[in-house]
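Engineer: Encoded as structure tokens, here's the structure I'll be asking about.
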Amino acid sequence: SLRFLGVPYRYGGTSVRGFDCSGFVGHVFGLLNIKLPRSSREQALLGAHVDRDSLIPADLVFFKTGGSSRINHVGIYLGDNKFIHASSSKGITITSLSDKYYQKAYCGARRILGQ
């Protein structure tokens, strides 16, 4: 996932020309021959629930951003309390789960790999 740092954000994007959040996660998992649904809400239904204090790298972390009542953002946990995701303002970037915005918006995690 780190090789995509700096790729721009593109709504509906699923390629290195530009990613949105679920398109990025789907692309990275696709490189491992794991096909994920297109939307973050659908991705949140997969795998097994993971408590925040039990996260391991490659777990998917989900958010309800912008005051939404529904999941609308997803990233990939990297370890050390950080996740990689497609930010609409920064493109593919790494952010701390302790970031005030994402800490407030955090709504769960799922483990797709190694179940």
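Every chain in the structure tokens takes a letter, A first, then B, and so on in the order presented; its residues are numbered from 1, and the ligands are numbered from 1 following the presented order.
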Would you tabulate, counting only C-alpha atoms, all residues of stretch 7-37 of chain A that have an atom at most 12 Å from an atom of stretch 44-48 of chain A, showing the closest pair of atoms and their distance in Å to one decimal, sorted by chain then ascending number, as JSON lines?
Structural biologist:
{"residue": "A:Ser22", "atom": "CA", "partner": "A:Ala44", "partner_atom": "CA", "distance": 10.4}
{"residue": "A:Val25", "atom": "CA", "partner": "A:Ala44", "partner_atom": "CA", "distance": 11.7}
{"residue": "A:Ile34", "atom": "CA", "partner": "A:Leu46", "partner_atom": "CA", "distance": 11.7}
{"residue": "A:Lys35", "atom": "CA", "partner": "A:Leu46", "partner_atom": "CA", "distance": 11.1}
{"residue": "A:Leu36", "atom": "CA", "partner": "A:Leu46", "partner_atom": "CA", "distance": 8.5}
{"residue": "A:Pro37", "atom": "CA", "partner": "A:Leu46", "partner_atom": "CA", "distance": 9.0}
Engineer: One decimal, Å: what's the distance from atom CA of A:Thr93 over to atom CA of A:Tyr106, could you say?
Structural biologist: 16.9 Å
Engineer: Fewer than 3 positions away in the same chain doesn't count, so skip those; otherwise give me all residues within 9 Å of A:Gly75, counting only C-alpha atoms, as a PyMOL selection string.
Structural biologist: chain A and resi 21-22+24-25+59-63+83-86
Engineer: Give me the residues near A:Ser40 as a ChimeraX atom specification, where near means some atom within 6 Å (using only C-alpha atoms) and where sequence neighbours in that chain fewer than 5 positions away do not count.
Structural biologist: /A:22,72-74
Engineer: Apply DSSP to the structure's backbone, then extract all residues of stretch 24-103 of chain A labelled helix (DSSP H, G or I) and return them as JSON, numbers by chain.
Structural biologist: {"A": [24, 25, 26, 27, 28, 29, 30, 40, 41, 42, 43, 52, 53, 54, 100, 101, 102, 103]}
Engineer: With only C-alpha atoms as the atoms that count, which of A:Ile112, A:Ala105, A:Leu78, A:Ile92 lies nearest to A:Leu5?
Structural biologist: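 That would be A:Ile92, the residue with the smallest distance to A:Leu5.
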Engineer: Pick from A:Ile94, A:Ile76, A:Leu31, A:Ile56: nearest to A:Gly6, with only C-alpha atoms counted?
Structural biologist: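 Smallest separation from A:Gly6 among the options: A:Ile94.
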Engineer: To one decimal in Å, tell me the separation between atom CA of A:Leu2 and atom CA of A:Asn33.
Structural biologist: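 Atom-to-atom, atom CA of A:Leu2 and atom CA of A:Asn33 are spaced 17.7 Å apart.
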Engineer: Leaving out A:Asp53 and any residue of its chain fewer than 5 positions from it, which residues lie within 12 Å of it when counting only C-alpha atoms, given as a PyMOL selection string?
Structural biologist: chain A and resi 59+77+79-81+97+108-109
Engineer: Kindly export the residues of the current selection with N, CA and C atoms, as a PDB file, in the first residue's frame.
Structural biologist:
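Written out: again_30.pdb:
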ATOM      1  N   ASP A  59      -5.714  -4.856   8.764  1.00  0.00           N
ATOM      2  CA  ASP A  59      -7.112  -4.734   9.157  1.00  0.00           C
ATOM      3  C   ASP A  59      -7.700  -3.495   8.486  1.00  0.00           C
ATOM      4  N   TYR A  77      -5.161  -0.409   8.204  1.00  0.00           N
ATOM      5  CA  TYR A  77      -4.321  -0.206   9.382  1.00  0.00           C
ATOM      6  C   TYR A  77      -2.893  -0.648   9.083  1.00  0.00           C
ATOM      7  N   GLY A  79      -0.324  -0.386  11.647  1.00  0.00           N
ATOM      8  CA  GLY A  79       0.399  -0.608  12.899  1.00  0.00           C
ATOM      9  C   GLY A  79       0.790   0.733  13.492  1.00  0.00           C
ATOM     10  N   ASP A  80       1.248   0.716  14.728  1.00  0.00           N
ATOM     11  CA  ASP A  80       1.711   1.933  15.407  1.00  0.00           C
ATOM     12  C   ASP A  80       0.636   3.030  15.395  1.00  0.00           C
ATOM     13  N   ASN A  81      -0.639   2.615  15.484  1.00  0.00           N
ATOM     14  CA  ASN A  81      -1.778   3.535  15.552  1.00  0.00           C
ATOM     15  C   ASN A  81      -1.963   4.372  14.280  1.00  0.00           C
ATOM     16  N   LEU A  97      -4.642   7.241  13.985  1.00  0.00           N
ATOM     17  CA  LEU A  97      -5.996   7.029  14.487  1.00  0.00           C
ATOM     18  C   LEU A  97      -6.303   7.993  15.629  1.00  0.00           C
ATOM     19  N   GLY A 108     -15.220   1.380  13.746  1.00  0.00           N
ATOM     20  CA  GLY A 108     -14.985  -0.053  13.801  1.00  0.00           C
ATOM     21  C   GLY A 108     -13.915  -0.535  12.845  1.00  0.00           C
ATOM     22  N   ALA A 109     -13.620  -1.825  12.973  1.00  0.00           N
ATOM     23  CA  ALA A 109     -12.580  -2.443  12.142  1.00  0.00           C
ATOM     24  C   ALA A 109     -12.977  -3.884  11.837  1.00  0.00           C
TER      25      ALA A 109
END
Engineer: Rank A:Ala58, A:Gly67, A:Asp20, A:Lys82 by their smallest atom-to-atom distance to A:Tyr101, using only C-alpha atoms, and report the top residue only.
Structural biologist: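 Of A:Ala58, A:Gly67, A:Asp20, A:Lys82, the one nearest A:Tyr101, counting only C-alpha atoms, is A:Gly67.
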Engineer: Measuring between only C-alpha atoms, which one of A:Arg52, A:Arg110, A:Lys90, A:Lys104 shows the shortest distance to A:Ser68?
Structural biologist: A:Lys104
Engineer: For the atom pair atom CA of A:Phe19 and atom CA of A:Asp51, what is the interatomic distance in Å to one decimal place?
Structural biologist: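 Here the two named atoms are 27.1 Å from each other.
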Engineer: From chain A, collect each residue whose DSSP state is strand (DSSP E or B) and return the set as an NGL selection string.
Structural biologist: :A and (9 or 14-15 or 18-19 or 48-49 or 60-63 or 73-79 or 82-87 or 91-96 or 106-111)
Engineer: For the residues selected in the previous step, produce a file with N, CA and C atoms as a compact mmCIF listing (two decimals), in the first residue's frame.
Structural biologist:
# COMPACT_ATOMS: atom_id res chain seq x y z
N TYR A 9 -6.38 11.92 -4.99
CA TYR A 9 -7.75 11.49 -4.74
C TYR A 9 -8.57 11.72 -6.01
N THR A 14 -10.32 4.02 -9.00
CA THR A 14 -9.89 2.68 -8.61
C THR A 14 -8.52 2.32 -9.18
N SER A 15 -7.78 3.32 -9.67
CA SER A 15 -6.49 3.03 -10.31
C SER A 15 -5.44 4.03 -9.85
N GLY A 18 -5.81 7.77 -9.81
CA GLY A 18 -6.55 8.41 -8.73
C GLY A 18 -7.45 7.42 -8.04
N PHE A 19 -7.50 7.52 -6.71
CA PHE A 19 -8.30 6.59 -5.91
C PHE A 19 -9.28 7.36 -5.03
N ALA A 48 -14.11 -10.43 10.04
CA ALA A 48 -14.46 -10.53 11.46
C ALA A 48 -14.23 -9.20 12.16
N HIS A 49 -15.11 -8.88 13.10
CA HIS A 49 -14.95 -7.67 13.90
C HIS A 49 -13.63 -7.72 14.66
N LEU A 60 -8.98 -3.56 8.16
CA LEU A 60 -9.67 -2.41 7.59
C LEU A 60 -10.28 -1.60 8.72
N VAL A 61 -10.10 -0.29 8.67
CA VAL A 61 -10.67 0.61 9.68
C VAL A 61 -11.71 1.49 8.99
N PHE A 62 -12.83 1.67 9.68
CA PHE A 62 -13.99 2.34 9.08
C PHE A 62 -14.39 3.57 9.88
N PHE A 63 -14.95 4.54 9.14
CA PHE A 63 -15.28 5.84 9.72
C PHE A 63 -16.61 6.34 9.18
N HIS A 73 -16.11 6.00 4.92
CA HIS A 73 -14.66 6.09 4.71
C HIS A 73 -14.01 4.83 5.25
N VAL A 74 -12.95 4.38 4.55
CA VAL A 74 -12.23 3.17 4.95
C VAL A 74 -10.74 3.38 4.70
N GLY A 75 -9.93 2.75 5.53
CA GLY A 75 -8.49 2.76 5.36
C GLY A 75 -7.92 1.41 5.77
N ILE A 76 -6.62 1.26 5.60
CA ILE A 76 -5.92 0.02 5.96
C ILE A 76 -4.99 0.32 7.12
N TYR A 77 -5.16 -0.41 8.20
CA TYR A 77 -4.32 -0.21 9.38
C TYR A 77 -2.89 -0.65 9.08
N LEU A 78 -1.93 0.17 9.50
CA LEU A 78 -0.52 -0.11 9.24
C LEU A 78 0.24 -0.57 10.48
N GLY A 79 -0.32 -0.39 11.65
CA GLY A 79 0.40 -0.61 12.90
C GLY A 79 0.79 0.73 13.49
N LYS A 82 -1.45 3.88 13.15
CA LYS A 82 -1.56 4.63 11.89
C LYS A 82 -2.32 3.82 10.83
N PHE A 83 -2.95 4.55 9.93
CA PHE A 83 -3.63 3.89 8.81
C PHE A 83 -3.36 4.66 7.53
N ILE A 84 -3.44 3.94 6.41
CA ILE A 84 -3.24 4.54 5.09
C ILE A 84 -4.60 4.58 4.40
N HIS A 85 -4.86 5.69 3.72
CA HIS A 85 -6.18 5.87 3.13
C HIS A 85 -6.12 6.94 2.05
N ALA A 86 -7.21 7.06 1.32
CA ALA A 86 -7.34 8.10 0.29
C ALA A 86 -8.08 9.29 0.89
N SER A 87 -7.34 10.32 1.17
CA SER A 87 -7.90 11.57 1.70
C SER A 87 -8.32 12.45 0.53
N GLY A 91 -4.88 13.00 -1.09
CA GLY A 91 -4.62 11.77 -1.84
C GLY A 91 -4.25 10.65 -0.88
N ILE A 92 -3.48 9.69 -1.36
CA ILE A 92 -3.10 8.57 -0.49
C ILE A 92 -2.10 9.09 0.54
N THR A 93 -2.48 8.91 1.80
CA THR A 93 -1.69 9.47 2.90
C THR A 93 -1.78 8.56 4.11
N ILE A 94 -0.91 8.79 5.07
CA ILE A 94 -0.91 8.06 6.32
C ILE A 94 -1.36 9.02 7.42
N THR A 95 -2.29 8.55 8.25
CA THR A 95 -2.86 9.37 9.32
C THR A 95 -2.90 8.56 10.61
N SER A 96 -2.76 9.23 11.72
CA SER A 96 -2.87 8.59 13.03
C SER A 96 -4.35 8.38 13.38
N TYR A 106 -14.23 7.43 13.97
CA TYR A 106 -13.96 5.98 13.96
C TYR A 106 -15.21 5.20 14.36
N CYS A 107 -15.51 4.13 13.62
CA CYS A 107 -16.70 3.34 13.96
C CYS A 107 -16.48 1.83 13.87
N GLY A 108 -15.22 1.38 13.75
CA GLY A 108 -14.98 -0.05 13.80
C GLY A 108 -13.91 -0.54 12.84
N ALA A 109 -13.62 -1.82 12.97
CA ALA A 109 -12.58 -2.44 12.14
C ALA A 109 -12.98 -3.88 11.84
N ARG A 110 -12.46 -4.36 10.71
CA ARG A 110 -12.72 -5.74 10.29
C ARG A 110 -11.41 -6.37 9.83
N ARG A 111 -11.26 -7.65 10.08
CA ARG A 111 -10.09 -8.41 9.65
C ARG A 111 -10.50 -9.31 8.50
